[in-house]
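Novice: Here it is: the structure, laid out below.
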Amino acid sequence: MSGLKIILLAKQVPDTRNVGKDAMKADGTVNRAALPAIFNPEDLNALEQALRIKDQVPGSTVTVLTMGPGRAAEVIREGLYRGADDGILLTDRAFAGSDTLATSYAISKAIEKIGSVDVIIAGRQAIDGDTAQVGPQVAEKLHLPQITYTEEILEVTKTKLKIRRRLERGIEIVEGKIPCVITVNASAPECRPRHAKQTMKFKHAKTITELQSANEDYLTLFENKPYLKIQELSVKDVEADVQWLGLSGSPTKVKSIENVILEAKDARQVENTNNGIEEMIKELMENHTIG
Amino acid sequence: MSNFYSDNKDLNFHLTHPLMKKIVDLKEHNYADADQYDYAPKDFEDTLDSYNKVLEIVGDICGNIIDPNAESVDQEGPEVIDGHVKYARGTAENHEALTKAGLVGMSLPRKYGGLNFSMVPYVMAAELVSRADAGFANIWGLQDCAETIHEFASDEIKDEFLPRFNKGATAAMDLTEPDAGSDLQAVQLKATYNEKEDLWYLNGVKRFITNGDADVSLVLARSESGTVDGRGLSLFVYDKADNALSVRRIENKLGIKGSPTCELVFTNAPAKLVGNRKMGLIKYVMSLMNGARLGVGAQSVGIAEAAYREAVEYAAERAQFGKTIDRFPAIYEMLTNMDAKVKAVRSLLYETTRFVDIYKSYGFVSEQRKLDKDERQEMKHYTKLADAFTPLLKLISSEYSNSIAYDSLQIHGGSGFMKDYPIERIYRDARITTIYEGTSQLQVVAAIRGVTTNSFLKQIREYEKVKIDPEYEFLKRKLAEMTAEYENCFNIVDEINDKADDNDYLDIHARRLVEMAGNIIMGWLLLIDTMRDKNYAKNTKVFMKMAYAENAEKSAYIKNFELDEIGMFKIHA
């Protein structure tokens, strides 16, 4: 019995939770060298949902797909340690400088190439760009239905999903047909820790490029242990058109950047009485902080 | 995101001890598993890398799941529902997280689903879990029972029970009874053989059983009717699925409240014999207890680490008289002494673990092939060392965990006495360590043999052969002086004891002699650590100050104690 073929879209991002002065370059792009690279947090929430589908539908597989430079293979290994089955690194110089439109084009071409995918699952947004566009754009390009803001996959069969969505003003429970695209919120359950055996098994998983630069005999290695191969896909491999990629395929232009310094105004003491609290609530409602 | 492994460099330092090469090579015999299991290592470096990566996972789960759950687990505790234990919510969550990460059955061979880890990384994991929640460490640590089944049970029992551990089976060792605590020879729970079914049936009561409602229980029972001593006892394995054991109640304890301490009633409970009849107490329980004592060593060091960290954090934040309290000599001296003691006892913990590791591995190798003469001798050597060091470690580490928790609470002042800070729980949790798996007083009874048979002294002579840099020669001289004084004290006690009709004189000074040896051994271990990494120099010097003064005090006491003065202490003539 074959299960579902699940693709997790993951991104290696600079850790913007501890931003220093040199986090941005003068041209308005992120200075990736100054920040440690991590697994995008909401993509980890998405991985947990993917692994739960795998737990529930026997025979399912989870493939981590990421686009980025060679070192982004780290994200794939992290996914493997936590329970994914294999990984694909979409990497090519021609991808450099891609905005969300070009990125989703590249990813959708890769997914077409992989073929017969049942569920594509991704974090709602990445902490570097915060656009939340790539997941939905991939769905559009592949003409698949999409369920965004997922908090939990409640039920899953081989043809259908039932999902709880966390929206601004409440929750919504929806059903969707497979194949589809799902994006997952940070309010979803945290990703499970690494698995000891998976970690020991996959710690040597590498791309051919990584093995070449370490002067290792990858042919023998991959022949004996095919699971250690992290597949690399180039523009040519996914048959993408370069004009829709990189800077030429990216209509987004950064006009300027600004340093915003959030300053707290003077603290104000509110009297701890019903009256005082009522006054405060009234004021907060008037200036639309709440309500 | 905190990680209890990565934030403590001391652990990786011990993981990379020079003796690890021998330990790992023995454990992985020729790395033959590499062809059969995708997670088996291919050489020594690969193994250490795996240990490191897996301990990072343990550290992650401890820092981000177990530690944050500790407070609610302490408050909720387990409860009994219809004769069965229901864990506190956090306890169940902790167990599930460790199971899902593949961290149960760490030391079992791969063919039983284990990780085939040597003792050192396994004990490290136990230390980490204990730092996060000492009570939960008991539940997780009882996977030791799997080790006992692996060592002594038949292949049939091994095949039936061992693969369940990595899937999350919990375990218990059911030894003590209302009238059989320290004195296990008095165990009465009855085992009756049914020839037709080739099964044993257990009937009776067990008391103070940690995690008593576990999936797999090892039960000490009287299989030979009419006997009254330890030679009539055998060890059995009972499967919870048989539903013939009920939990009468859970004890209401001072500490480790998340760990259910049960009173159990066995009613015609079917069970299988582990190993041979009559060997239950004499051989298997002794081995089980040695493992458990090492486990309490790890637990104690974990508690001490947690207590020390709480003290450092509090003292750095709490300001009085215009400055933080860690700037006052009375406080910073305490903190620095605590740090040195934690480092010293951790060195003793991993030294002991290495001894256990080697002799156990030789034991398993000897099942595959005959050991040669050198190997047999080495196995004997390390068995002896493990036997001497295990009670020494249990004694010192548990006493240290209490004194360090005491000092940490003291540094917290009035706040430490309230339930507002973790130290209040840690202090209560520490208290059991000097009691269970043999009280401190009983550890002395076992460890004094290390004094009388010269095991400790012989090992100290081994340490004396290590090359010490000139700038630390003065510490070596101090240790030599302490060793001479220790020998002197032992000779005095031995000579006087010989003149008496009983052994009371030796017994009364036994703890002093054992602790003198312990101080010298820990001093040496820290000094040798310093030769590998100069960052240990300060801890070594600080520890040596305490150890030197303590030994001098003990020596003065011994020299000022006449044989007939025992009479003053006697309660009964």
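Just so we're on the same page: first chain in the structure tokens is A, next is B, and so on; residues restart at 1 for each chain, and ligands are numbered from 1 in the order they show up.
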If we count only C-alpha atoms, which residues of chain A reach to within 6 Å of chain B? Please list them as a PDB file with N, CA and C atoms, in the first residue's frame.

Specialist:
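Below you can see out.pdb, which holds the result:
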ATOM      1  N   HIS A 195      15.648  12.626  15.974  1.00  0.00           N
ATOM      2  CA  HIS A 195      15.619  11.235  16.405  1.00  0.00           C
ATOM      3  C   HIS A 195      17.048  10.693  16.411  1.00  0.00           C
ATOM      4  N   ALA A 196      17.405  10.003  17.507  1.00  0.00           N
ATOM      5  CA  ALA A 196      18.786   9.545  17.659  1.00  0.00           C
ATOM      6  C   ALA A 196      19.251   8.699  16.465  1.00  0.00           C
ATOM      7  N   LYS A 197      18.430   7.727  16.061  1.00  0.00           N
ATOM      8  CA  LYS A 197      18.870   6.838  14.976  1.00  0.00           C
ATOM      9  C   LYS A 197      18.897   7.562  13.642  1.00  0.00           C
ATOM     10  N   MET A 200      22.025   9.638  13.512  1.00  0.00           N
ATOM     11  CA  MET A 200      23.253   8.879  13.266  1.00  0.00           C
ATOM     12  C   MET A 200      23.274   8.344  11.837  1.00  0.00           C
ATOM     13  N   LYS A 201      22.083   8.048  11.306  1.00  0.00           N
ATOM     14  CA  LYS A 201      22.007   7.516   9.950  1.00  0.00           C
ATOM     15  C   LYS A 201      22.330   8.592   8.916  1.00  0.00           C
TER      16      LYS A 201
END

Novice: Skip Met280 in chain A itself and residues of its chain fewer than 3 positions away, then list as an mmCIF file with C-alpha atoms, in the first residue's frame all residues within 12 Å of it, counting only C-alpha atoms.

Specialist:
data_model
loop_
_atom_site.group_PDB
_atom_site.id
_atom_site.type_symbol
_atom_site.label_atom_id
_atom_site.label_comp_id
_atom_site.auth_asym_id
_atom_site.auth_seq_id
_atom_site.Cartn_x
_atom_site.Cartn_y
_atom_site.Cartn_z
ATOM 1 C CA ARG A 268 2.106 55.704 33.216
ATOM 2 C CA GLN A 269 0.716 54.288 36.385
ATOM 3 C CA VAL A 270 -2.927 53.273 36.255
ATOM 4 C CA GLU A 271 -4.758 53.248 39.531
ATOM 5 C CA ASN A 272 -5.551 49.673 40.574
ATOM 6 C CA THR A 273 -9.292 50.266 40.988
ATOM 7 C CA ASN A 274 -12.270 49.389 38.841
ATOM 8 C CA ASN A 275 -12.493 52.999 37.873
ATOM 9 C CA GLY A 276 -8.843 53.252 36.881
ATOM 10 C CA ILE A 277 -8.998 50.098 34.778
ATOM 11 C CA GLU A 283 -8.576 55.108 26.309
ATOM 12 C CA LEU A 284 -7.124 52.035 24.634
ATOM 13 C CA MET A 285 -10.344 51.538 22.686
ATOM 14 C CA GLU A 286 -10.407 55.172 21.609
ATOM 15 C CA ASN A 287 -6.911 55.022 20.149
ATOM 16 C CA THR A 289 -5.029 49.687 20.524
ATOM 17 C CA ILE A 290 -7.745 47.191 21.375
#

Novice: Which residues are close to range 239-254 of chain A, i.e. within 8 Å by only C-alpha atoms, leaving aside same-chain residues fewer than 5 positions away? Reply as a VMD selection string.

Specialist: chain A and resid 28 to 29 94 to 103 105 to 106 109

Novice: Neighbours of Lys225 in chain A within 12 Å (only C-alpha atoms; same-chain residues fewer than 2 positions away dropped), as a PyMOL selection string?

Specialist: (chain A and resi 201-202+204-206+218-223+227-230) or (chain B and resi 34-39)

Novice: Output C-alpha atoms for every residue in the selection just made, as a PDB file, in the first residue's frame.

Specialist:
ATOM      1  CA  LYS A 201      22.007   7.516   9.950  1.00  0.00           C
ATOM      2  CA  PHE A 202      21.845  10.792   8.074  1.00  0.00           C
ATOM      3  CA  HIS A 204      26.811  11.748   6.555  1.00  0.00           C
ATOM      4  CA  ALA A 205      24.111  12.722   4.024  1.00  0.00           C
ATOM      5  CA  LYS A 206      25.695  15.107   1.546  1.00  0.00           C
ATOM      6  CA  TYR A 218      30.896   9.739  -3.638  1.00  0.00           C
ATOM      7  CA  LEU A 219      30.271   7.172  -6.351  1.00  0.00           C
ATOM      8  CA  THR A 220      31.098   4.240  -4.077  1.00  0.00           C
ATOM      9  CA  LEU A 221      29.409   5.875  -1.120  1.00  0.00           C
ATOM     10  CA  PHE A 222      26.143   6.480  -2.954  1.00  0.00           C
ATOM     11  CA  GLU A 223      26.205   3.036  -4.489  1.00  0.00           C
ATOM     12  CA  TYR A 227      20.030   7.184   1.196  1.00  0.00           C
ATOM     13  CA  LEU A 228      23.011   9.413   1.939  1.00  0.00           C
ATOM     14  CA  LYS A 229      22.608  11.309  -1.302  1.00  0.00           C
ATOM     15  CA  ILE A 230      21.055  14.739  -1.156  1.00  0.00           C
TER      16      ILE A 230
ATOM     17  CA  ALA B  34      28.267  -0.859  10.231  1.00  0.00           C
ATOM     18  CA  ASP B  35      27.404  -3.224   7.394  1.00  0.00           C
ATOM     19  CA  GLN B  36      24.112  -4.232   8.953  1.00  0.00           C
ATOM     20  CA  TYR B  37      22.656  -1.113  10.536  1.00  0.00           C
ATOM     21  CA  ASP B  38      22.485   2.249   8.819  1.00  0.00           C
ATOM     22  CA  TYR B  39      23.002   4.087  12.106  1.00  0.00           C
TER      23      TYR B  39
END

Novice: Could you give me, as a VMD selection string, the residues within 12 Å of range 258-263 of chain A, counting only C-alpha atoms and dropping anything in the same chain fewer than 2 positions from it?

Specialist: chain A and resid 20 to 29 254 to 256 265 to 267

Novice: What's around Leu220 in chain B at 8 Å? Count only C-alpha atoms, leave out sequence neighbours fewer than 2 positions away in its own chain, and write the answer as JSON, numbers by chain.

Specialist: {"B": [174, 175, 187, 189, 218, 222, 233, 234, 235, 236, 280, 281, 285]}

Novice: A:Leu167, A:Ala37, A:Ala84, A:Cys191: which is nearest Lys54 in chain A, counting only C-alpha atoms?

Specialist: A:Ala84

Novice: Pick the closest to Ala46 in chain A from A:Arg166, A:Lys11, A:Lys141, A:Arg124: which is it, counting only C-alpha atoms?

Specialist: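 So, comparing all the options, the nearest one is A:Arg124.
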